[in-house]
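Text of the file work03.cif, holding mmCIF, C-alpha atoms:
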```
data_coords
#
loop_
_atom_site.label_atom_id
_atom_site.label_comp_id
_atom_site.auth_asym_id
_atom_site.auth_seq_id
_atom_site.Cartn_x
_atom_site.Cartn_y
_atom_site.Cartn_z
CA MET A 7 100.24 89.40 93.90
CA THR A 8 97.39 87.18 95.05
CA LEU A 9 95.54 88.73 97.96
CA PHE A 10 93.21 85.79 98.53
CA LYS A 11 93.83 82.07 98.91
CA ASN A 12 93.66 80.25 95.57
CA GLY A 13 93.12 83.65 93.92
CA LYS A 14 89.43 83.53 94.87
CA LYS A 15 88.24 86.94 95.99
CA PRO A 16 84.93 87.01 97.90
CA PRO A 17 82.22 88.38 95.55
CA PHE A 18 81.36 91.28 97.85
CA MET A 19 84.93 92.60 97.49
CA ASP A 20 84.02 93.74 93.94
CA SER A 21 81.29 96.03 95.32
CA GLU A 22 81.66 99.78 94.86
CA GLU A 23 79.33 100.33 97.84
CA LYS A 24 80.68 101.17 101.30
CA ASP A 25 78.84 98.25 102.87
CA LEU A 26 81.47 96.24 104.76
CA ASN A 27 80.30 94.87 108.08
CA PRO A 28 82.02 92.71 110.71
CA SER A 29 80.90 89.42 109.17
CA LYS A 30 82.12 90.41 105.70
CA VAL A 31 85.45 91.57 107.11
CA GLU A 32 85.86 88.31 109.03
CA TYR A 33 85.10 86.29 105.91
CA ALA A 34 87.55 88.30 103.80
CA VAL A 35 90.38 88.15 106.35
CA ARG A 36 89.98 84.39 106.88
CA ASN A 37 90.30 83.91 103.12
CA MET A 38 93.35 86.13 102.58
CA SER A 39 96.73 84.71 101.68
CA TYR A 40 99.75 85.51 103.83
CA VAL A 41 100.86 88.10 101.26
CA GLY A 42 97.32 89.51 101.22
CA LEU A 43 97.35 89.89 105.00
CA GLN A 44 100.68 91.71 104.85
CA ALA A 45 99.50 94.00 102.05
CA MET A 46 96.29 94.78 103.95
CA ALA A 47 98.29 95.56 107.11
CA VAL A 48 100.48 98.02 105.21
CA TYR A 49 97.48 99.64 103.55
CA GLY A 50 95.58 99.80 106.84
CA LEU A 51 98.47 101.37 108.73
CA LEU A 52 99.04 103.97 106.03
CA LEU A 53 95.34 104.81 106.01
CA LEU A 54 95.07 104.93 109.81
CA GLY A 55 98.18 107.14 109.91
CA LYS A 56 96.11 109.86 108.24
CA PHE A 57 93.80 109.96 111.28
CA LYS A 58 95.82 108.78 114.28
CA SER A 59 99.35 108.83 115.63
CA PRO A 60 101.43 105.63 115.64
CA ALA A 61 101.03 105.46 119.44
CA GLU A 62 97.22 105.69 119.15
CA ILE A 63 97.18 102.98 116.48
CA CYS A 64 99.27 100.65 118.67
CA ARG A 65 97.03 101.25 121.70
CA ASP A 66 93.94 100.52 119.62
CA LEU A 67 95.41 97.34 118.14
CA GLU A 68 96.69 96.08 121.49
CA THR A 69 93.17 96.23 122.94
CA LEU A 70 91.25 95.24 119.80
CA GLY A 71 90.35 91.75 121.02
CA GLY A 72 89.45 92.88 124.53
CA GLU A 73 90.81 94.88 127.41
CA ASP A 74 93.99 92.82 127.64
CA GLY A 75 94.21 92.02 123.91
CA THR A 76 93.94 88.26 124.50
CA ASP A 77 90.40 87.68 123.24
CA GLU A 78 89.84 86.46 119.72
CA LEU A 79 88.90 89.11 117.19
CA PHE A 80 86.11 87.16 115.57
#
```

Show this structure as structure tokens.
Amino acid sequence: MTLFKNGKKPPFMDSEEKDLNPSKVEYAVRNMSYVGLQAMAVYGLLLLGKFKSPAEICRDLETLGGEDGTDELF
């Protein structure tokens, strides 16, 4: 499975440090393949499910871009 377009992973994604920031996340997401985006969504939901209920996750995601969820994320 190729997570990133053209199989090119951003260099910072090889880091063992917990140093992701919004600009790195934006860069990584914009360079993910469709399959990579799906895989990341599954992984993210499973991880979030350890900390929040499905209803809480949906509420958070629905308002992620702004109060009405219509603003762009990045």

Review point. What residues come out when you apply the PyMOL selection byres ((chain A and resi 22-33) around 12) to this file, written as an MDAnalysis selection string?
Key: chainID A and resid 10:11 15:21 34:38 46 78:80

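Between CA of Pro60 (chain A) and CA of Tyr40 (chain A) the interatomic distance comes to 23.4 Å.
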
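Here CA of Lys58 (chain A) is placed at a distance of 23.3 Å from CA of Gly42 (chain A).
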
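Residue nearest Met7 (chain A), chosen from A:Ala61, A:Leu53, A:Leu70, A:Val41 and counting only C-alpha atoms: A:Val41.
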
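Relative to CA of Leu43 (chain A), CA of Ser59 (chain A) is found at 21.8 Å.
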